[in-house]
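Q: My questions will all concern the structure given below.
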Amino acid sequence: MKNPLDSAALNAAIENVHRAGMPGLFAEVRDGDQVWRGAAGVADVATGRLVTADMRHRVGSITKTFTAAAVLQQVESGQIGLDTPIGRYLPGLVPGERGGAITVRMLINHTSGLAEYLPYAYPSLKAFPALADTGPQSLDDHRHTRFDPAELIEMGVTAPAVGAPGGTPGVYSNTNYLLLVQLLEQVTDTTAERYITRNVIERAGLRDTELPLEPYVNGPHSQLYEAWFGMIDPPRDYSVYDMSWVGPSASLISTVADLNRFFGMLLAGEIVSPSSLAQMQRTVPVVSQEGRTIDYGLGLHPLEGPGQATFWGHGGTVWGGGALAMTRADGKRQMAVAVNLQRWNRLDSSGKPQPHPIDDALAALYRVAMYG
């Protein structure tokens, strides 16, 4: 278990990801009181401006852990029942039998059977998951679109179901978390952004984390380069983007230091109660957006190396950006990594993403960061 930080190995590993083709990335690794921060590459390919480890960054679905924690706080206060049907709270959004069968827990752990709304909101992604038949055009079309969450939810609810409520494996779907956002707003009588800011972000003492209402990332940040499986070449900058397409299910802006602080406090029982944390760590099999079956809890998932300790956390992507934050179960060892390129794998003749040197280099960085 005792793997003190090896700065030289971490510096080499992060540099290798940049050399493999990642324009820029930055990270923070903690082991008890020891802290390593590192960065490699550029924040702007046009000017050569360098990335730094303190940059603010769109962290995508890591937001879901914050939203899940906010919902569990309301479960603790008796405002929400974890195993209460969502139709009891939001009958207009999930009507009829499904509203009576899908519980709040099923939304948080992606076993509701509700489809992902994104291929319906973005016409050029309609063929997803058949990647070769998708295209990036609607990413540009919707750069400044202000989406109505109720309309996005309706797209997911009226789309063909991807499973029976409570069935496993579940299927990862942003529709679930947009519904949780509506649920939070109903029971707290304020916006989800305000509630999560006050009761999760500020409770954790995070100074560089926010749920933005405008399309910009304030403060020092990197451009975000989207390749869409080689169909955007060279990759295009999507750092300015209206995030209403995901809202408080994936719009969070944070830093690697803030992410480590948050997950450390969450796993120490300081954001939700120890019994709520135990619920968050009860996992079911869920098919991820990449098509892999993973174990998923309530806004948390575990990562485990062979014969190694378990880490808990979440990953996330937006157009052009990505992040992964994982904390060992005992809270002592932590890693948060942010990257400024997404979907770098080109497709082979059968339409499957081809392996890329970035994949192996990132996996090696994660191994060094988590296990020394």
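We name chains A, B, ... following the order of the structure tokens; residues begin at 1 in each chain, and ligands are numbered from 1 as shown.
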Got a sec: who's within 8 Å of region 68-81 of chain A, counting only C-alpha atoms, leaving out chain neighbours fewer than 5 positions off, as number ranges by chain?

A: A: 104, 108, 180, 184, 187, 195-196, 199-200, 271-273, 276, 298-299

Q: When DSSP works through the backbone of this structure, what residues of region 103-281 of chain A end up as strand (DSSP E or B), shown as a list in words?

A: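 Reading the DSSP output for region 103-281 of chain A, strand (DSSP E or B) covers Thr103, Gly170, Val171, Glu210, His221, Tyr225, Glu226, Arg236, Asp237, Ile253 and Ser254 of chain A.
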
Q: Which one is closest to Asp295 (chain A): A:Ala46, A:Ala250, A:Val171, A:Ala325? Count only C-alpha atoms.

A: A:Val171

Q: Kindly indicate which residue among A:Leu178, A:Leu183, A:Leu213, A:Val318 lies nearest to Arg146 (chain A), using only C-alpha atoms for the distances.

A: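 Looking at the shortest contact to Arg146 (chain A), the residue is A:Leu213.
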
Q: Counting only C-alpha atoms, which residue out of A:Pro23, A:Gly32, A:Gly156, A:Gly315 sits closest to Leu50 (chain A)?

A: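 Using only C-alpha atoms, the shortest distance to Leu50 (chain A) belongs to A:Pro23.
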
Q: I'd like a table as JSON lines: residues in region 49-149 of chain A with an atom no more than 9 Å from region 335-340 of chain A, each row giving the shortest atom pair and its distance in Å to one decimal, only C-alpha atoms counted, sorted by chain and rising residue number.

A:
{"residue": "A:His57", "atom": "CA", "partner": "A:Ala338", "partner_atom": "CA", "distance": 7.3}
{"residue": "A:Arg58", "atom": "CA", "partner": "A:Ala338", "partner_atom": "CA", "distance": 8.7}
{"residue": "A:Val59", "atom": "CA", "partner": "A:Ala338", "partner_atom": "CA", "distance": 7.6}

Q: With N, CA, C and O atoms retained, could you export that selection as a compact mmCIF listing (two decimals), in the first residue's frame?

A:
# COMPACT_ATOMS: atom_id res chain seq x y z
N HIS A 57 -10.96 23.93 -16.00
CA HIS A 57 -11.19 22.99 -17.10
C HIS A 57 -12.61 22.46 -17.04
O HIS A 57 -13.15 22.24 -15.94
N ARG A 58 -13.22 22.25 -18.18
CA ARG A 58 -14.52 21.57 -18.21
C ARG A 58 -14.30 20.09 -17.92
O ARG A 58 -13.54 19.44 -18.64
N VAL A 59 -14.97 19.56 -16.89
CA VAL A 59 -14.67 18.19 -16.45
C VAL A 59 -15.79 17.21 -16.77
O VAL A 59 -15.78 16.06 -16.32

Q: Taking a cut-off of 10 Å and counting only C-alpha atoms, can you build a table that, for each residue of region 23-77 of chain A near region 8-12 of chain A, reports the nearest atom pair and how far apart they are in Å (one decimal), sorted by chain then residue number, as CSV?

A:
residue,atom,partner,partner_atom,distance
A:Ala27,CA,A:Leu10,CA,9.5
A:Glu28,CA,A:Leu10,CA,9.9
A:Val29,CA,A:Leu10,CA,8.8
A:Trp36,CA,A:Leu10,CA,8.2
A:Arg37,CA,A:Asn11,CA,9.0
A:Gly38,CA,A:Asn11,CA,6.6
A:Ala39,CA,A:Asn11,CA,8.2
A:Ala40,CA,A:Asn11,CA,8.5

Q: Identify which of the residues A:Lys352, A:Arg343, A:His221, A:His301 lies closest to Ala53 (chain A), counting only C-alpha atoms when measuring atom-to-atom distances.

A: A:His221

Q: Just the number, please: distance in Å from CA of Glu15 (chain A) to CA of Gly48 (chain A), one decimal.

A: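 Between these atoms lies a distance of 15.9 Å.
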
Q: Just want the 9 Å neighbourhood of Met55 (chain A), counted on only C-alpha atoms, with same-chain residues fewer than 6 positions away dropped. Output as a PyMOL selection string.

A: chain A and resi 26+219-222+254-256

Q: Write the residues of the selection above to a file with N, CA and C atoms, as a CSV table (one decimal), in the first residue's frame.

A:
chain,number,residue,atom,x,y,z
A,26,PHE,N,-2.7,18.1,-17.8
A,26,PHE,CA,-2.2,18.5,-16.5
A,26,PHE,C,-2.8,17.7,-15.4
A,219,GLY,N,-11.1,32.7,-16.2
A,219,GLY,CA,-9.8,32.4,-15.6
A,219,GLY,C,-8.9,31.6,-16.5
A,220,PRO,N,-7.7,31.3,-16.0
A,220,PRO,CA,-6.7,30.6,-16.9
A,220,PRO,C,-7.2,29.2,-17.3
A,221,HIS,N,-7.3,28.9,-18.6
A,221,HIS,CA,-7.8,27.7,-19.1
A,221,HIS,C,-7.2,27.3,-20.4
A,222,SER,N,-7.4,26.1,-20.8
A,222,SER,CA,-6.9,25.6,-22.1
A,222,SER,C,-8.0,25.7,-23.2
A,254,SER,N,-13.8,23.0,-13.2
A,254,SER,CA,-13.0,22.8,-11.9
A,254,SER,C,-11.5,22.8,-12.2
A,255,THR,N,-10.7,22.5,-11.2
A,255,THR,CA,-9.3,22.3,-11.3
A,255,THR,C,-8.9,20.9,-10.8
A,256,VAL,N,-7.8,20.5,-11.2
A,256,VAL,CA,-7.4,19.1,-10.7
A,256,VAL,C,-7.2,19.1,-9.1

Q: With a distance cut-off of 9 Å and only C-alpha atoms, select the neighbouring residues of Leu347 (chain A), excluding the residue or stretch itself and same-chain residues fewer than 6 positions from it, and output the selection as an NGL selection string.

A: :A and (131-132 or 229-230 or 353-354)

Q: Would you save the residues of that selection, restricted to all heavy atoms, as a compact mmCIF listing (two decimals), in the first residue's frame?

A:
# COMPACT_ATOMS: atom_id res chain seq x y z
N LEU A 131 -20.58 4.75 -35.13
CA LEU A 131 -19.77 5.97 -35.23
C LEU A 131 -19.48 6.38 -36.67
O LEU A 131 -19.48 7.57 -36.99
CB LEU A 131 -18.44 5.77 -34.48
CG LEU A 131 -18.57 5.55 -32.97
CD1 LEU A 131 -17.21 5.23 -32.37
CD2 LEU A 131 -19.18 6.77 -32.30
N ALA A 132 -19.26 5.41 -37.55
CA ALA A 132 -18.90 5.74 -38.94
C ALA A 132 -20.03 6.49 -39.64
O ALA A 132 -19.80 7.23 -40.61
CB ALA A 132 -18.56 4.47 -39.71
N PHE A 229 -13.23 11.37 -33.87
CA PHE A 229 -12.75 10.14 -34.52
C PHE A 229 -12.08 10.42 -35.87
O PHE A 229 -12.25 9.67 -36.83
CB PHE A 229 -13.91 9.13 -34.66
CG PHE A 229 -14.61 8.88 -33.36
CD1 PHE A 229 -15.83 9.47 -33.08
CD2 PHE A 229 -14.02 8.10 -32.38
CE1 PHE A 229 -16.47 9.26 -31.86
CE2 PHE A 229 -14.64 7.90 -31.16
CZ PHE A 229 -15.87 8.47 -30.90
N GLY A 230 -11.33 11.52 -35.91
CA GLY A 230 -10.59 11.87 -37.12
C GLY A 230 -11.40 12.62 -38.16
O GLY A 230 -10.86 13.00 -39.20
N PRO A 353 -13.23 2.35 -33.32
CA PRO A 353 -12.08 3.20 -33.02
C PRO A 353 -10.79 2.38 -32.97
O PRO A 353 -10.74 1.34 -32.32
CB PRO A 353 -12.43 3.78 -31.65
CG PRO A 353 -13.92 3.67 -31.53
CD PRO A 353 -14.28 2.43 -32.28
N GLN A 354 -9.77 2.85 -33.68
CA GLN A 354 -8.48 2.16 -33.70
C GLN A 354 -7.67 2.54 -32.46
O GLN A 354 -7.77 3.66 -31.98
CB GLN A 354 -7.69 2.57 -34.94
CG GLN A 354 -8.30 2.13 -36.24
CD GLN A 354 -7.48 2.64 -37.42
OE1 GLN A 354 -7.42 3.84 -37.67
NE2 GLN A 354 -6.85 1.74 -38.14

Q: If we count only C-alpha atoms and set the cut-off at 9 Å, which residues sit around His356 (chain A), ignoring sequence neighbours fewer than 2 positions away in its own chain? Please answer as a PyMOL selection string.

A: chain A and resi 20-21+344-346+353-354+358-360

Q: Write to file, as a CSV table (one decimal), in the first residue's frame, the residues of the selection just made, with N, CA, C and O atoms.

A:
chain,number,residue,atom,x,y,z
A,20,ALA,N,2.8,11.3,-27.3
A,20,ALA,CA,1.9,10.4,-28.0
A,20,ALA,C,0.9,11.1,-28.9
A,20,ALA,O,0.2,10.5,-29.7
A,21,GLY,N,0.7,12.4,-28.7
A,21,GLY,CA,-0.2,13.2,-29.5
A,21,GLY,C,-1.2,14.0,-28.8
A,21,GLY,O,-2.1,14.7,-29.5
A,344,TRP,N,-9.7,11.1,-30.1
A,344,TRP,CA,-8.5,11.1,-31.0
A,344,TRP,C,-8.4,9.8,-31.8
A,344,TRP,O,-7.6,9.7,-32.7
A,345,ASN,N,-9.2,8.7,-31.5
A,345,ASN,CA,-9.0,7.4,-32.2
A,345,ASN,C,-9.8,7.5,-33.5
A,345,ASN,O,-11.0,7.7,-33.6
A,346,ARG,N,-9.0,7.3,-34.6
A,346,ARG,CA,-9.7,7.2,-35.9
A,346,ARG,C,-10.4,5.9,-36.1
A,346,ARG,O,-10.1,5.0,-35.3
A,353,PRO,N,-13.2,2.3,-33.3
A,353,PRO,CA,-12.1,3.2,-33.0
A,353,PRO,C,-10.8,2.4,-33.0
A,353,PRO,O,-10.7,1.3,-32.3
A,354,GLN,N,-9.8,2.9,-33.7
A,354,GLN,CA,-8.5,2.2,-33.7
A,354,GLN,C,-7.7,2.5,-32.5
A,354,GLN,O,-7.8,3.7,-32.0
A,358,ILE,N,-1.9,7.5,-27.6
A,358,ILE,CA,-2.4,8.2,-26.5
A,358,ILE,C,-3.0,7.3,-25.4
A,358,ILE,O,-2.9,7.5,-24.2
A,359,ASP,N,-3.7,6.2,-25.9
A,359,ASP,CA,-4.4,5.3,-25.0
A,359,ASP,C,-3.5,4.7,-24.0
A,359,ASP,O,-3.7,4.7,-22.8
A,360,ASP,N,-2.4,4.1,-24.6
A,360,ASP,CA,-1.4,3.4,-23.7
A,360,ASP,C,-0.7,4.4,-22.8
A,360,ASP,O,-0.4,4.1,-21.7

Q: Using DSSP on the backbone coordinates, identify the residues of region 97-201 of chain A assigned to helix (DSSP H, G or I); present them as a PyMOL selection string.

A: chain A and resi 97-101+104-108+118-121+123-125+131-133+137-141+149-158+174-188+192-201

Q: Next, dump the selected residues to file, keeping only C-alpha atoms, as a PDB file, in the first residue's frame.

A:
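Contents of out-v6.pdb, freshly written:
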ATOM      1  CA  GLU A  97     -46.285   3.075 -16.063  1.00  0.00           C
ATOM      2  CA  ARG A  98     -42.656   4.005 -16.528  1.00  0.00           C
ATOM      3  CA  GLY A  99     -42.987   6.877 -14.070  1.00  0.00           C
ATOM      4  CA  GLY A 100     -44.276   4.345 -11.545  1.00  0.00           C
ATOM      5  CA  ALA A 101     -41.546   1.795 -12.261  1.00  0.00           C
ATOM      6  CA  VAL A 104     -34.699   7.770  -8.091  1.00  0.00           C
ATOM      7  CA  ARG A 105     -31.987   5.155  -7.447  1.00  0.00           C
ATOM      8  CA  MET A 106     -32.392   3.790 -11.003  1.00  0.00           C
ATOM      9  CA  LEU A 107     -31.794   7.274 -12.399  1.00  0.00           C
ATOM     10  CA  ILE A 108     -28.623   7.761 -10.343  1.00  0.00           C
ATOM     11  CA  LEU A 118     -27.952  13.342 -27.332  1.00  0.00           C
ATOM     12  CA  PRO A 119     -28.380  11.597 -30.723  1.00  0.00           C
ATOM     13  CA  TYR A 120     -31.823  13.245 -30.936  1.00  0.00           C
ATOM     14  CA  ALA A 121     -30.624  16.722 -29.908  1.00  0.00           C
ATOM     15  CA  PRO A 123     -28.933  15.422 -35.724  1.00  0.00           C
ATOM     16  CA  SER A 124     -25.466  14.507 -37.080  1.00  0.00           C
ATOM     17  CA  LEU A 125     -25.077  12.044 -34.168  1.00  0.00           C
ATOM     18  CA  LEU A 131     -19.766   5.966 -35.229  1.00  0.00           C
ATOM     19  CA  ALA A 132     -18.903   5.744 -38.938  1.00  0.00           C
ATOM     20  CA  ASP A 133     -22.413   7.002 -39.771  1.00  0.00           C
ATOM     21  CA  GLN A 137     -21.645  19.089 -38.161  1.00  0.00           C
ATOM     22  CA  SER A 138     -24.225  19.611 -35.405  1.00  0.00           C
ATOM     23  CA  LEU A 139     -21.477  20.246 -32.828  1.00  0.00           C
ATOM     24  CA  ASP A 140     -20.895  23.521 -34.676  1.00  0.00           C
ATOM     25  CA  ASP A 141     -24.591  24.171 -35.271  1.00  0.00           C
ATOM     26  CA  PRO A 149     -33.979  20.685 -20.341  1.00  0.00           C
ATOM     27  CA  ALA A 150     -37.629  19.550 -20.482  1.00  0.00           C
ATOM     28  CA  GLU A 151     -37.340  19.154 -24.269  1.00  0.00           C
ATOM     29  CA  LEU A 152     -34.098  17.165 -23.935  1.00  0.00           C
ATOM     30  CA  ILE A 153     -35.723  14.917 -21.311  1.00  0.00           C
ATOM     31  CA  GLU A 154     -38.721  14.373 -23.607  1.00  0.00           C
ATOM     32  CA  MET A 155     -36.350  13.214 -26.384  1.00  0.00           C
ATOM     33  CA  GLY A 156     -34.851  10.617 -24.029  1.00  0.00           C
ATOM     34  CA  VAL A 157     -38.177   9.516 -22.539  1.00  0.00           C
ATOM     35  CA  THR A 158     -39.966   9.132 -25.899  1.00  0.00           C
ATOM     36  CA  ASN A 174     -27.585  11.732 -19.549  1.00  0.00           C
ATOM     37  CA  THR A 175     -31.403  11.687 -19.594  1.00  0.00           C
ATOM     38  CA  ASN A 176     -31.261  10.179 -16.087  1.00  0.00           C
ATOM     39  CA  TYR A 177     -29.254  13.059 -14.671  1.00  0.00           C
ATOM     40  CA  LEU A 178     -31.296  15.799 -16.352  1.00  0.00           C
ATOM     41  CA  LEU A 179     -34.288  14.279 -14.525  1.00  0.00           C
ATOM     42  CA  LEU A 180     -32.342  14.347 -11.232  1.00  0.00           C
ATOM     43  CA  VAL A 181     -31.639  18.035 -11.838  1.00  0.00           C
ATOM     44  CA  GLN A 182     -35.394  18.678 -12.266  1.00  0.00           C
ATOM     45  CA  LEU A 183     -36.088  16.642  -9.124  1.00  0.00           C
ATOM     46  CA  LEU A 184     -33.560  18.685  -7.119  1.00  0.00           C
ATOM     47  CA  GLU A 185     -35.126  21.927  -8.318  1.00  0.00           C
ATOM     48  CA  GLN A 186     -38.590  20.766  -7.352  1.00  0.00           C
ATOM     49  CA  VAL A 187     -37.726  19.723  -3.784  1.00  0.00           C
ATOM     50  CA  THR A 188     -35.281  22.558  -2.985  1.00  0.00           C
ATOM     51  CA  ALA A 192     -29.904  23.016  -9.224  1.00  0.00           C
ATOM     52  CA  GLU A 193     -26.865  25.215  -9.961  1.00  0.00           C
ATOM     53  CA  ARG A 194     -27.548  27.277  -6.824  1.00  0.00           C
ATOM     54  CA  TYR A 195     -28.261  24.281  -4.618  1.00  0.00           C
ATOM     55  CA  ILE A 196     -25.191  22.310  -5.742  1.00  0.00           C
ATOM     56  CA  THR A 197     -22.997  25.419  -5.423  1.00  0.00           C
ATOM     57  CA  ARG A 198     -24.140  26.133  -1.861  1.00  0.00           C
ATOM     58  CA  ASN A 199     -24.366  22.604  -0.505  1.00  0.00           C
ATOM     59  CA  VAL A 200     -21.679  20.677  -2.377  1.00  0.00           C
ATOM     60  CA  ILE A 201     -19.119  23.052  -3.951  1.00  0.00           C
TER      61      ILE A 201
END

Q: From the set A:Glu116, A:Glu226, A:Asp44, A:Asp54, which residue has the shortest atom-to-atom contact distance to Thr209 (chain A), counting only C-alpha atoms?

A: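 Closest to Thr209 (chain A) of all the choices is A:Asp54.
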